[in-house]
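Single-structure report; data block below.
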Amino acid sequence: MRLLLALALLSSPLRADTSLDDALRIFDVDDSSPDAAPPKPAPKPLPKSALALLDELNSREQSLHDEVFKTIQPQRDSLAASWRKLAAASKGSILDSMADDLVAGILPRGDTRYDTARLSGRLDWEYNRFMVFLPNGRFRYTAKTNPDWRWEWLDFSRGIIAINWANGGQLLNVGESPASTFMSTTHWWGHNKMKRFTDNSDPSLPDGQPPALPPDVLRQIDAHRAIESEARNRLATAIRIRRVATVANLRKVAPSLDPKAAKALNAEIQRLSLPAGHLPGSDRLSGSWSWPSSKTATFQPDGSFSLNGQPSGSWQWAGSAGGHFYVIQPNVACTLCRLSKSSANTLRAIDDTGRKFDLKKAPN
């Protein structure tokens with residue numbers, strides 16, 4: 001009841017603003033390995049009056065966030081405590097990891113259905129790297145977890161998974177049914193095989209297969225996701241209202257600025273004005289791009305993808321930085337693209353079959 005009363009203080013949303021979580025991210029090119037830290041955004045030459053407005057907005061957004069999620073924290077703590085007891089009883093660490101995520105407020109994005117048959121076990125490839133998938137949309141990589149490391153299905157029927165690192169993305173094809181080998185595709189390591197190991201002699205070890213989650217825990221996860229999803233939707237609506245007001249005040253500052261500062265301010269206004277569902281940084285993919293078989297591709301700000309003007313799938317950013325993104329053509333192919341370091345008019349691409357190609361931007 002306390003949760004419902006607290007959430008009622010915020011406006012009910014017409015639509016969830018899914019862009020807000022990443023609106024402050026900058027999609028800079030970074031071809032470093034997944035272990036590297038994401039790049040820091042460069043300072044903007046904004047005047048003090050504009051910075052004051054933005055600081056006030058950031059402060060209010062944080063206050064709204066705290067106001068909503070402090071009502072959810074008791075349930076998180078209760079679930080975390082019960083999961084840790086189960087983890088200790090089963091001599092496994094998977095529930096401990098999930099409990100830590102829950103306490104930190106790290107929730108999955110996208111489709112993270114846990115298909116036990118296809119995702120269980122340890123997945124290895126060369127250089128002694130391995131992954132263990134967790135049912136909450138996180139994964140272990142060489143026995144470590146990271147808040148920016150997430151996984152989700154891009155094409156569940158074909159078994160294509162997106163591995164979202166802090167600095168980019170990876171495609172993993174686990175197939176339509178359980179198999180001992182898979183194909184991994186990245187811009188760092190190319191197209192290579194991964195193997196499944198299911199040595200369960202000691203599940204407590206990082207390289208062992210974690211014990212299966214009890215059905216009641218999976219139900220708890222689904223119920224908790226629903227509660228927090230509602231909270232995030234209400235929070236997004238409240239933040240959107242305040243961003244609209246801030247944009248109006250920023251526009252009043254613009255006429256008195258020099259060109260460099262005006263350009264920076266306009267970029268902030270555009271960022272804060274993104275409607276619900278629009279992907280931040282999508283302007284970097286504006287225009288038309290070449291595609292194999294003499295086709296023309298376009299990437300719309302709402303995440304839709306077209307070939308020769310016909311809807312052909314969707315696209316989405318990979319990770320929180322790095323300029324990598326996925327193109328999803330259901331039941332056809334999934335392609336990993338990245339912004340080129342050398343040219344704003346070139347995109348590097350590699351699909352889940354290992355085929356590499358460049359996309360060239362058409363002249364205006």
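In the structure tokens, the first chain shown is A, the next is B, and so on; residue numbers restart at 1 for each chain, and ligands run from 1 in the order shown.
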Open item on the list: Residues near Val247 in chain A, anyone? I mean within 9 Å using only C-alpha atoms, not counting same-chain ones fewer than 4 positions away, as an MDAnalysis selection string.
Closed with: chainID A and resid 242:243 251:252 268:270 272:273
May I have the selected residues written with N, CA and C atoms, as a PDB file, in the first residue's frame?
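The file below, again_39.pdb, is the result:
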ATOM      1  N   ARG A 242       9.336  17.607 -16.257  1.00  0.00           N
ATOM      2  CA  ARG A 242      10.337  18.575 -15.807  1.00  0.00           C
ATOM      3  C   ARG A 242      11.338  18.914 -16.911  1.00  0.00           C
ATOM      4  N   ARG A 243      11.621  17.961 -17.785  1.00  0.00           N
ATOM      5  CA  ARG A 243      12.520  18.256 -18.894  1.00  0.00           C
ATOM      6  C   ARG A 243      11.886  19.243 -19.873  1.00  0.00           C
ATOM      7  N   ARG A 251      15.815  27.654 -23.850  1.00  0.00           N
ATOM      8  CA  ARG A 251      15.607  28.393 -25.095  1.00  0.00           C
ATOM      9  C   ARG A 251      15.695  29.912 -24.871  1.00  0.00           C
ATOM     10  N   LYS A 252      15.359  30.351 -23.679  1.00  0.00           N
ATOM     11  CA  LYS A 252      15.443  31.780 -23.369  1.00  0.00           C
ATOM     12  C   LYS A 252      16.897  32.244 -23.280  1.00  0.00           C
ATOM     13  N   GLU A 268      22.006  20.046 -26.079  1.00  0.00           N
ATOM     14  CA  GLU A 268      21.352  19.684 -24.822  1.00  0.00           C
ATOM     15  C   GLU A 268      19.838  19.763 -24.966  1.00  0.00           C
ATOM     16  N   ILE A 269      19.360  20.778 -25.645  1.00  0.00           N
ATOM     17  CA  ILE A 269      17.920  20.930 -25.857  1.00  0.00           C
ATOM     18  C   ILE A 269      17.373  19.753 -26.657  1.00  0.00           C
ATOM     19  N   GLN A 270      18.098  19.362 -27.698  1.00  0.00           N
ATOM     20  CA  GLN A 270      17.654  18.219 -28.500  1.00  0.00           C
ATOM     21  C   GLN A 270      17.625  16.943 -27.674  1.00  0.00           C
ATOM     22  N   LEU A 272      17.230  16.641 -24.399  1.00  0.00           N
ATOM     23  CA  LEU A 272      16.149  16.690 -23.426  1.00  0.00           C
ATOM     24  C   LEU A 272      14.769  16.648 -24.080  1.00  0.00           C
ATOM     25  N   SER A 273      14.708  16.941 -25.387  1.00  0.00           N
ATOM     26  CA  SER A 273      13.428  16.983 -26.093  1.00  0.00           C
ATOM     27  C   SER A 273      13.052  15.672 -26.756  1.00  0.00           C
TER      28      SER A 273
END
Open item on the list: Need to verify the contact set: Ala261 in chain A, 8 Å, only C-alpha atoms, exclusion of same-chain residues closer than 4 positions in sequence. Can you return it as a PyMOL selection string?
Closed with: chain A and resi 44-47+257+265
TODO: Might you pull out every residue within 10 Å of Leu154 in chain A, with only C-alpha atoms counted and same-chain residues fewer than 3 positions away left off, and present them as a VMD selection string?
DONE: chain A and resid 110 to 112 151 157 to 163 171 to 173 314 to 316 326 to 330 333 to 334
Give me the residues within 9 Å of Gln220 in chain A as an mmCIF file with N, CA and C atoms, in the first residue's frame, counting only C-alpha atoms and dropping any in the same chain fewer than 5 places off.
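This is the output file around-v4.cif:
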data_model
loop_
_atom_site.group_PDB
_atom_site.id
_atom_site.type_symbol
_atom_site.label_atom_id
_atom_site.label_comp_id
_atom_site.auth_asym_id
_atom_site.auth_seq_id
_atom_site.Cartn_x
_atom_site.Cartn_y
_atom_site.Cartn_z
ATOM 1 N N LEU A 79 13.688 -9.826 -0.569
ATOM 2 C CA LEU A 79 13.978 -10.838 -1.578
ATOM 3 C C LEU A 79 15.454 -11.234 -1.552
ATOM 4 N N PRO A 215 11.465 -22.810 -9.051
ATOM 5 C CA PRO A 215 10.347 -22.145 -9.741
ATOM 6 C C PRO A 215 9.784 -20.956 -8.975
ATOM 7 N N ARG A 225 9.780 -7.641 -11.238
ATOM 8 C CA ARG A 225 9.972 -6.875 -12.463
ATOM 9 C C ARG A 225 8.735 -6.035 -12.781
#
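The space separating CA of Ala81 in chain A from CA of Ser120 in chain A comes to 24.4 Å.
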Open item on the list: Based on the backbone DSSP call, show me all residues of range 63-239 of chain A assigned alpha helix (DSSP H), as a ChimeraX atom specification.
Closed with: /A:63-69,73-90,94-104,116-119,215-239
Open item on the list: For a quick check of understanding, using only C-alpha atoms, which of A:Gly354, A:Gly309, A:Pro259, A:Pro301 has the smallest distance to Thr186 in chain A?
Closed with: A:Gly354
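In terms of minimum interatomic distance to Ser340 in chain A, A:Asp358 ranks closest within A:Asp66, A:Glu230, A:Asp55, A:Asp358, counting only C-alpha atoms.
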Open item on the list: Would you pick out the contacts of Trp149 in chain A at 8 Å or less, using only C-alpha atoms, so that residues sharing its chain but fewer than 4 positions from it are not included, and give the list as a list in words?
Closed with: Arg138, Phe139, Thr145, Ile163, Asn164, Trp165, Ala166 and Gly319 of chain A
I need the residues from that last selection saved to file as a PDB file, in the first residue's frame (with C-alpha atoms), if you can.
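Once everything was written out, this is part_20.pdb:
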ATOM      1  CA  ARG A 138      23.282 -10.420 -16.292  1.00  0.00           C
ATOM      2  CA  PHE A 139      26.214 -12.743 -16.916  1.00  0.00           C
ATOM      3  CA  THR A 145      30.083  -9.423 -13.135  1.00  0.00           C
ATOM      4  CA  ILE A 163      25.814  -9.553 -25.226  1.00  0.00           C
ATOM      5  CA  ASN A 164      25.943  -5.925 -24.144  1.00  0.00           C
ATOM      6  CA  TRP A 165      29.332  -4.859 -22.800  1.00  0.00           C
ATOM      7  CA  ALA A 166      30.130  -1.398 -21.452  1.00  0.00           C
ATOM      8  CA  GLY A 319      26.127  -1.343 -24.391  1.00  0.00           C
TER       9      GLY A 319
END
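Restricting the calculation to only C-alpha atoms, the smallest distance between Ala318 in chain A and any of A:Arg76, A:His224, A:Arg140, A:Arg150 is found for A:Arg150.
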Open item on the list: Let me make sure I understand: among A:Pro280, A:Trp83, A:Leu57, A:Ser294, which one has the smallest atom-to-atom distance to Asp216 in chain A if we use only C-alpha atoms?
Closed with: A:Trp83
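Of the listed residues A:Val68, A:Leu359, A:Ala89, A:Ala223, the one whose atoms come nearest to Thr296 in chain A is A:Leu359, with distances taken using only C-alpha atoms.
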Need to verify the contact set: Val253 in chain A, 8 Å, only C-alpha atoms, exclusion of same-chain residues closer than 3 positions in sequence. Can you return it as a JSON list (two decimals) with N, CA, C and O atoms, in the first residue's frame?
[["chain", "number", "residue", "atom", "x", "y", "z"],
["A", 49, "SER", "N", 24.45, 30.15, -16.65],
["A", 49, "SER", "CA", 23.00, 30.13, -16.50],
["A", 49, "SER", "C", 22.40, 28.81, -17.00],
["A", 49, "SER", "O", 21.50, 28.24, -16.37],
["A", 50, "ALA", "N", 22.93, 28.30, -18.14],
["A", 50, "ALA", "CA", 22.43, 27.04, -18.67],
["A", 50, "ALA", "C", 22.87, 25.88, -17.78],
["A", 50, "ALA", "O", 22.09, 24.95, -17.53],
["A", 249, "ASN", "N", 13.11, 27.00, -20.56],
["A", 249, "ASN", "CA", 14.00, 27.98, -19.95],
["A", 249, "ASN", "C", 15.34, 28.06, -20.67],
["A", 249, "ASN", "O", 15.94, 29.14, -20.78],
["A", 250, "LEU", "N", 15.83, 26.93, -21.17],
["A", 250, "LEU", "CA", 17.09, 26.94, -21.92],
["A", 250, "LEU", "C", 16.96, 27.74, -23.22],
["A", 250, "LEU", "O", 17.90, 28.40, -23.66],
["A", 256, "SER", "N", 21.54, 34.88, -26.45],
["A", 256, "SER", "CA", 22.66, 35.69, -25.96],
["A", 256, "SER", "C", 24.01, 34.97, -26.07],
["A", 256, "SER", "O", 25.02, 35.50, -25.62],
["A", 257, "LEU", "N", 24.06, 33.79, -26.69],
["A", 257, "LEU", "CA", 25.27, 32.98, -26.69],
["A", 257, "LEU", "C", 26.08, 33.14, -27.97],
["A", 257, "LEU", "O", 25.55, 33.47, -29.03]]
- [ ] Find the distance between CA of His65 in chain A and CA of Arg232 in chain A and write it in Å to one decimal.
- [x] 8.7 Å
- [ ] Tell me, in Å to one decimal, how far CA of Arg271 in chain A is from CA of Asn345 in chain A.
- [x] 22.0 Å
